[in-house]
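J.: The structure file start.txt (compact mmCIF, N, CA and C atoms and all ligand atoms) is provided below.
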# COMPACT_ATOMS: atom_id res chain seq x y z
N MET U 1 10.10 14.13 9.16
CA MET U 1 9.81 13.24 8.04
C MET U 1 8.38 13.46 7.54
N GLU U 2 8.20 13.45 6.22
CA GLU U 2 6.87 13.69 5.68
C GLU U 2 5.94 12.50 5.95
N SER U 3 4.68 12.82 6.07
CA SER U 3 3.70 11.77 6.31
C SER U 3 3.41 11.04 5.01
N LEU U 4 3.21 9.74 5.12
CA LEU U 4 2.87 8.95 3.94
C LEU U 4 1.43 8.48 4.08
N TYR U 5 0.76 8.44 2.96
CA TYR U 5 -0.63 8.03 2.95
C TYR U 5 -0.82 6.90 1.95
N CYS U 6 -1.68 5.97 2.29
CA CYS U 6 -2.01 4.89 1.35
C CYS U 6 -2.67 5.52 0.13
N LEU U 7 -2.16 5.19 -1.03
CA LEU U 7 -2.68 5.78 -2.27
C LEU U 7 -4.14 5.41 -2.50
N ARG U 8 -4.55 4.25 -2.01
CA ARG U 8 -5.89 3.76 -2.31
C ARG U 8 -6.93 4.25 -1.30
N CYS U 9 -6.62 4.13 -0.01
CA CYS U 9 -7.63 4.47 1.00
C CYS U 9 -7.29 5.75 1.75
N ASN U 10 -6.12 6.31 1.47
CA ASN U 10 -5.72 7.58 2.07
C ASN U 10 -5.44 7.49 3.57
N ARG U 11 -5.34 6.30 4.09
CA ARG U 11 -5.01 6.15 5.51
C ARG U 11 -3.56 6.59 5.74
N GLU U 12 -3.32 7.30 6.83
CA GLU U 12 -1.96 7.74 7.12
C GLU U 12 -1.14 6.54 7.58
N LEU U 13 0.06 6.44 7.02
CA LEU U 13 0.96 5.35 7.39
C LEU U 13 2.09 5.95 8.21
N GLU U 14 2.04 5.69 9.50
CA GLU U 14 3.08 6.21 10.37
C GLU U 14 4.39 5.48 10.07
N SER U 15 5.50 6.16 10.36
CA SER U 15 6.79 5.54 10.04
C SER U 15 6.95 4.24 10.84
N GLY U 16 7.43 3.24 10.16
CA GLY U 16 7.60 1.94 10.80
C GLY U 16 6.37 1.06 10.69
N GLN U 17 5.26 1.64 10.24
CA GLN U 17 4.04 0.86 10.07
C GLN U 17 4.17 -0.02 8.83
N LYS U 18 3.54 -1.18 8.88
CA LYS U 18 3.64 -2.10 7.75
C LYS U 18 2.94 -1.52 6.53
N SER U 19 3.59 -1.61 5.39
CA SER U 19 3.01 -1.10 4.15
C SER U 19 3.78 -1.67 2.97
N VAL U 20 3.29 -1.41 1.79
CA VAL U 20 3.99 -1.78 0.56
C VAL U 20 4.34 -0.49 -0.16
N ALA U 21 5.60 -0.32 -0.52
CA ALA U 21 6.04 0.88 -1.22
C ALA U 21 6.36 0.53 -2.66
N VAL U 22 5.89 1.35 -3.57
CA VAL U 22 6.23 1.22 -4.99
C VAL U 22 7.02 2.47 -5.36
N TYR U 23 8.23 2.28 -5.84
CA TYR U 23 9.06 3.41 -6.21
C TYR U 23 9.04 3.59 -7.72
N VAL U 24 8.86 4.81 -8.17
CA VAL U 24 8.88 5.07 -9.61
C VAL U 24 9.70 6.31 -9.92
N PHE U 25 10.37 6.26 -11.03
CA PHE U 25 10.99 7.46 -11.59
C PHE U 25 11.04 7.29 -13.09
N ALA U 26 11.12 8.40 -13.79
CA ALA U 26 11.17 8.37 -15.25
C ALA U 26 12.55 8.84 -15.70
N GLN U 27 13.02 8.25 -16.78
CA GLN U 27 14.35 8.61 -17.27
C GLN U 27 14.35 8.54 -18.78
N THR U 28 14.98 9.49 -19.43
CA THR U 28 15.07 9.45 -20.89
C THR U 28 16.14 8.43 -21.28
N VAL U 29 15.91 7.78 -22.40
CA VAL U 29 16.87 6.80 -22.91
C VAL U 29 17.25 7.18 -24.34
N GLY U 30 18.54 7.22 -24.61
CA GLY U 30 19.02 7.53 -25.96
C GLY U 30 18.85 8.98 -26.34
N ILE U 31 18.60 9.81 -25.38
CA ILE U 31 18.42 11.25 -25.64
C ILE U 31 19.43 12.01 -24.78
N ARG U 32 20.18 12.88 -25.42
CA ARG U 32 21.14 13.69 -24.66
C ARG U 32 20.61 15.10 -24.53
N PRO U 33 20.75 15.78 -23.39
CA PRO U 33 21.26 15.17 -22.17
C PRO U 33 20.23 14.22 -21.55
N ARG U 34 20.75 13.27 -20.85
CA ARG U 34 19.85 12.33 -20.17
C ARG U 34 19.11 13.04 -19.05
N GLN U 35 17.83 12.82 -19.00
CA GLN U 35 17.04 13.43 -17.93
C GLN U 35 16.45 12.37 -17.04
N LYS U 36 16.34 12.73 -15.80
CA LYS U 36 15.79 11.79 -14.83
C LYS U 36 14.88 12.57 -13.89
N SER U 37 13.67 12.08 -13.71
CA SER U 37 12.74 12.74 -12.80
C SER U 37 13.10 12.38 -11.36
N ALA U 38 12.52 13.10 -10.44
CA ALA U 38 12.68 12.72 -9.03
C ALA U 38 11.96 11.38 -8.83
N ALA U 39 12.45 10.60 -7.90
CA ALA U 39 11.80 9.32 -7.60
C ALA U 39 10.61 9.58 -6.69
N ARG U 40 9.56 8.86 -6.91
CA ARG U 40 8.37 8.95 -6.05
C ARG U 40 8.17 7.65 -5.33
N ARG U 41 7.67 7.79 -4.16
CA ARG U 41 7.36 6.62 -3.36
C ARG U 41 5.85 6.56 -3.19
N ILE U 42 5.24 5.50 -3.69
CA ILE U 42 3.80 5.32 -3.59
C ILE U 42 3.55 4.21 -2.59
N CYS U 43 2.70 4.46 -1.62
CA CYS U 43 2.50 3.50 -0.54
C CYS U 43 1.09 2.92 -0.55
N PHE U 44 1.02 1.67 -0.14
CA PHE U 44 -0.26 1.01 0.07
C PHE U 44 -0.25 0.36 1.44
N CYS U 45 -1.34 0.48 2.19
CA CYS U 45 -1.45 -0.23 3.46
C CYS U 45 -1.61 -1.71 3.12
N PRO U 46 -1.31 -2.62 4.06
CA PRO U 46 -1.40 -4.05 3.76
C PRO U 46 -2.77 -4.47 3.25
N GLN U 47 -3.83 -3.92 3.83
CA GLN U 47 -5.17 -4.31 3.39
C GLN U 47 -5.43 -3.95 1.93
N CYS U 48 -5.01 -2.76 1.56
CA CYS U 48 -5.22 -2.35 0.17
C CYS U 48 -4.34 -3.16 -0.77
N ALA U 49 -3.10 -3.45 -0.35
CA ALA U 49 -2.20 -4.24 -1.19
C ALA U 49 -2.81 -5.62 -1.46
N VAL U 50 -3.31 -6.26 -0.40
CA VAL U 50 -3.90 -7.59 -0.56
C VAL U 50 -5.19 -7.50 -1.37
N SER U 51 -5.99 -6.49 -1.08
CA SER U 51 -7.24 -6.31 -1.80
C SER U 51 -7.00 -6.10 -3.29
N LEU U 52 -6.01 -5.28 -3.60
CA LEU U 52 -5.66 -5.05 -5.01
C LEU U 52 -5.21 -6.34 -5.68
N ALA U 53 -4.35 -7.06 -4.97
CA ALA U 53 -3.79 -8.29 -5.53
C ALA U 53 -4.86 -9.34 -5.79
N MET U 54 -5.86 -9.39 -4.91
CA MET U 54 -6.92 -10.39 -5.04
C MET U 54 -7.96 -9.96 -6.08
N GLY U 55 -7.99 -8.68 -6.37
CA GLY U 55 -9.01 -8.15 -7.27
C GLY U 55 -8.65 -8.30 -8.73
N PRO U 56 -9.56 -7.87 -9.58
CA PRO U 56 -9.33 -7.97 -11.03
C PRO U 56 -8.25 -7.00 -11.49
N ALA U 57 -7.71 -7.25 -12.65
CA ALA U 57 -6.67 -6.38 -13.21
C ALA U 57 -7.23 -4.97 -13.41
N PRO U 58 -6.43 -3.97 -13.06
CA PRO U 58 -6.89 -2.59 -13.23
C PRO U 58 -6.77 -2.16 -14.69
N GLU U 59 -7.30 -0.98 -14.97
CA GLU U 59 -7.16 -0.39 -16.30
C GLU U 59 -5.82 0.32 -16.40
N GLY U 60 -5.25 0.33 -17.57
CA GLY U 60 -4.05 1.13 -17.78
C GLY U 60 -2.78 0.30 -17.67
N ALA U 61 -1.89 0.49 -18.62
CA ALA U 61 -0.67 -0.32 -18.70
C ALA U 61 0.21 -0.17 -17.45
N LEU U 62 0.35 1.06 -16.98
CA LEU U 62 1.21 1.29 -15.82
C LEU U 62 0.58 0.67 -14.56
N ASN U 63 -0.73 0.81 -14.44
CA ASN U 63 -1.43 0.21 -13.31
C ASN U 63 -1.29 -1.30 -13.31
N VAL U 64 -1.34 -1.89 -14.50
CA VAL U 64 -1.22 -3.35 -14.60
C VAL U 64 0.17 -3.79 -14.14
N GLN U 65 1.19 -3.02 -14.49
CA GLN U 65 2.56 -3.35 -14.06
C GLN U 65 2.66 -3.33 -12.53
N ALA U 66 2.13 -2.27 -11.93
CA ALA U 66 2.18 -2.14 -10.47
C ALA U 66 1.37 -3.26 -9.82
N TRP U 67 0.22 -3.55 -10.39
CA TRP U 67 -0.66 -4.61 -9.87
C TRP U 67 0.06 -5.96 -9.90
N ASP U 68 0.75 -6.21 -11.00
CA ASP U 68 1.51 -7.45 -11.14
C ASP U 68 2.57 -7.59 -10.05
N MET U 69 3.27 -6.49 -9.76
CA MET U 69 4.33 -6.52 -8.75
C MET U 69 3.75 -6.78 -7.36
N ILE U 70 2.65 -6.09 -7.06
CA ILE U 70 2.01 -6.27 -5.75
C ILE U 70 1.48 -7.69 -5.63
N ARG U 71 0.92 -8.18 -6.73
CA ARG U 71 0.39 -9.54 -6.73
C ARG U 71 1.47 -10.57 -6.43
N SER U 72 2.67 -10.35 -7.01
CA SER U 72 3.74 -11.32 -6.78
C SER U 72 4.21 -11.27 -5.33
N LEU U 73 4.16 -10.08 -4.71
CA LEU U 73 4.52 -9.99 -3.29
C LEU U 73 3.51 -10.74 -2.43
N VAL U 74 2.23 -10.49 -2.70
CA VAL U 74 1.17 -11.12 -1.91
C VAL U 74 1.20 -12.63 -2.09
N ALA U 75 1.48 -13.07 -3.31
CA ALA U 75 1.45 -14.51 -3.60
C ALA U 75 2.68 -15.25 -3.07
N ALA U 76 3.79 -14.53 -2.93
CA ALA U 76 5.05 -15.21 -2.59
C ALA U 76 5.13 -15.62 -1.12
N ASP U 77 4.49 -14.86 -0.26
CA ASP U 77 4.62 -15.15 1.17
C ASP U 77 3.35 -14.67 1.87
N SER U 78 2.96 -15.36 2.94
CA SER U 78 1.71 -14.99 3.61
C SER U 78 1.88 -13.84 4.60
N ALA U 79 3.11 -13.33 4.75
CA ALA U 79 3.35 -12.29 5.76
C ALA U 79 2.52 -11.03 5.52
N LEU U 80 2.39 -10.66 4.26
CA LEU U 80 1.63 -9.45 3.93
C LEU U 80 0.13 -9.68 4.19
N ASN U 81 -0.32 -10.86 3.84
CA ASN U 81 -1.71 -11.23 4.12
C ASN U 81 -1.98 -11.19 5.63
N ARG U 82 -1.01 -11.66 6.39
CA ARG U 82 -1.15 -11.69 7.85
C ARG U 82 -1.20 -10.26 8.39
N ALA U 83 -0.36 -9.38 7.84
CA ALA U 83 -0.35 -7.99 8.28
C ALA U 83 -1.71 -7.34 7.99
N ALA U 84 -2.28 -7.66 6.85
CA ALA U 84 -3.60 -7.12 6.49
C ALA U 84 -4.66 -7.66 7.44
N TRP U 85 -4.55 -8.94 7.73
CA TRP U 85 -5.52 -9.57 8.64
C TRP U 85 -5.43 -8.98 10.04
N GLU U 86 -4.21 -8.78 10.52
CA GLU U 86 -4.02 -8.19 11.85
C GLU U 86 -4.60 -6.79 11.91
N SER U 87 -4.37 -6.04 10.86
CA SER U 87 -4.86 -4.68 10.81
C SER U 87 -6.39 -4.66 10.81
N LEU U 88 -6.98 -5.54 10.03
CA LEU U 88 -8.44 -5.62 9.96
C LEU U 88 -9.02 -6.08 11.29
N SER U 89 -8.41 -7.08 11.89
CA SER U 89 -8.87 -7.58 13.19
C SER U 89 -8.82 -6.48 14.23
N GLY U 90 -7.76 -5.68 14.19
CA GLY U 90 -7.61 -4.58 15.14
C GLY U 90 -8.70 -3.54 14.96
N LEU U 91 -9.00 -3.22 13.72
CA LEU U 91 -10.02 -2.21 13.44
C LEU U 91 -11.40 -2.65 13.90
N LEU U 92 -11.65 -3.95 13.77
CA LEU U 92 -12.97 -4.45 14.14
C LEU U 92 -13.05 -4.78 15.61
N GLY U 93 -11.94 -4.56 16.34
CA GLY U 93 -11.95 -4.80 17.77
C GLY U 93 -12.00 -6.28 18.12
N LEU U 94 -11.51 -7.12 17.22
CA LEU U 94 -11.59 -8.56 17.47
C LEU U 94 -10.37 -9.09 18.20
N LEU U 95 -9.32 -8.26 18.29
CA LEU U 95 -8.13 -8.72 19.01
C LEU U 95 -8.42 -8.68 20.50
N PRO U 96 -7.73 -9.50 21.27
CA PRO U 96 -7.96 -9.53 22.71
C PRO U 96 -7.84 -8.13 23.32
N ALA U 97 -8.67 -7.86 24.32
CA ALA U 97 -8.64 -6.54 24.98
C ALA U 97 -7.25 -6.26 25.50
N GLY U 98 -6.89 -4.98 25.46
CA GLY U 98 -5.58 -4.60 26.00
C GLY U 98 -4.51 -4.49 24.94
N THR U 99 -4.75 -5.04 23.76
CA THR U 99 -3.74 -4.87 22.72
C THR U 99 -3.80 -3.43 22.25
N GLU U 100 -2.71 -3.01 21.65
CA GLU U 100 -2.61 -1.63 21.21
C GLU U 100 -3.71 -1.31 20.20
N ALA U 101 -3.94 -2.25 19.31
CA ALA U 101 -4.92 -2.01 18.25
C ALA U 101 -6.31 -1.81 18.84
N HIS U 102 -6.62 -2.56 19.89
CA HIS U 102 -7.95 -2.48 20.49
C HIS U 102 -8.13 -1.16 21.22
N ALA U 103 -7.04 -0.69 21.84
CA ALA U 103 -7.12 0.51 22.66
C ALA U 103 -7.23 1.78 21.82
N ARG U 104 -6.81 1.68 20.58
CA ARG U 104 -6.81 2.85 19.71
C ARG U 104 -8.24 3.32 19.45
N PRO U 105 -8.45 4.62 19.43
CA PRO U 105 -9.81 5.10 19.13
C PRO U 105 -10.21 4.72 17.70
N ALA U 106 -11.50 4.69 17.47
CA ALA U 106 -12.00 4.30 16.15
C ALA U 106 -11.42 5.22 15.08
N VAL U 107 -11.02 4.62 14.00
CA VAL U 107 -10.45 5.38 12.89
C VAL U 107 -11.62 5.82 12.01
N GLY U 108 -11.48 7.00 11.41
CA GLY U 108 -12.53 7.48 10.51
C GLY U 108 -12.88 6.46 9.46
N GLY U 109 -14.12 6.41 9.08
CA GLY U 109 -14.57 5.37 8.16
C GLY U 109 -14.32 5.70 6.69
N ALA U 110 -13.47 6.68 6.44
CA ALA U 110 -13.30 7.15 5.07
C ALA U 110 -12.97 6.03 4.09
N TYR U 111 -12.19 5.08 4.55
CA TYR U 111 -11.79 4.06 3.58
C TYR U 111 -12.68 2.83 3.60
N PHE U 112 -13.82 2.96 4.24
CA PHE U 112 -14.79 1.88 4.14
C PHE U 112 -15.94 2.26 3.22
N GLU U 113 -15.76 3.38 2.54
CA GLU U 113 -16.80 3.77 1.59
C GLU U 113 -16.59 3.04 0.27
N PHE U 114 -17.65 2.50 -0.26
CA PHE U 114 -17.53 1.77 -1.51
C PHE U 114 -18.26 2.51 -2.62
ZN ZN U 201 -5.02 1.50 2.11
Write out the structure in this file as structure tokens.
Ligand SMILES: [Zn+2]

T.:
Amino acid sequence: MESLYCLRCNRELESGQKSVAVYVFAQTVGIRPRQKSAARRICFCPQCAVSLAMGPAPEGALNVQAWDMIRSLVAADSALNRAAWESLSGLLGLLPAGTEAHARPAVGGAYFEF
């Protein structure tokens, strides 16, 4: 299976890891023959999804549509917020010793650059 990366922070998302997926494909309408592009799967880690949702509207019509969808997910239930919080707590080593997150070696700081 191909590796998936968070579109925003480029963190690798292992299969089964919590994330938000946005699926997109393009299709012609009213034009023969009908054409359809391959579907793409765009992934965001929970922290980036929540961060995007809490942040200001992005530039660009397509970005605004995606932002709106992610915002509605974040606003509808606290589970995604909790996943982001757990992930952040794990990275900062704040979870009780012995948890998997704590035992993991430090992750590269690439996505903490502002
Ligand atoms: Zn991310």

J.: Which residue is closest to Asn81 (chain U)? Choose from U:Gln65, U:Gln35, U:Gln27, U:Ser19 and count only C-alpha atoms.

T.: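 Distance minimum relative to Asn81 (chain U) lands on U:Ser19.
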
J.: Have a look at CA of Pro46 (chain U) and CA of Arg8 (chain U) and let me know their distance in Å, one decimal.

T.: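 Interatomic distance here is 10.9 Å.
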
J.: I'd like to know which of U:Val20, U:Leu91, U:Ile42, U:Cys48 is closest to ligand ZN 201 (chain U), using all atoms listed in the file.

T.: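 When distances to ligand ZN 201 (chain U) are compared using all atoms listed in the file, the smallest one comes from U:Cys48.
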
J.: Enumerate as an MDAnalysis selection string the residues within 7 Å of ligand ZN 201 (chain U), counting only N, CA and C atoms and all ligand atoms.

T.: chainID U and resid 5:11 43:49

J.: May I have the protein, DNA and RNA residues with an atom at most 8 Å from (4.2, 8.7, 4.0), counting only C-alpha atoms in the file's coordinates, returned as a list of chain:residue names?

T.: U:Glu2, U:Ser3, U:Leu4, U:Tyr5, U:Cys6, U:Glu12, U:Leu13, U:Glu14, U:Ser15, U:Cys43

J.: Per DSSP on the backbone, what are the strand (DSSP E) residues of chain U, as a ChimeraX atom specification?

T.: /U:4-5,12-13,20-24,40-44

J.: So, with all atoms listed in the file as the atoms that count, which of U:Ser78, U:Val64, U:Ala39, U:Pro56 lies closest to Tyr23 (chain U)?

T.: U:Ala39

J.: Have a look at atom C of Ala53 (chain U) and CA of Arg71 (chain U) and let me know their distance in Å, one decimal.

T.: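 Separation between atom C of Ala53 (chain U) and CA of Arg71 (chain U): 5.3 Å.
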
J.: Atom N of Phe25 (chain U) and atom N of Ala57 (chain U) are how many Å apart?

T.: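 These atoms are spaced 22.6 Å apart.
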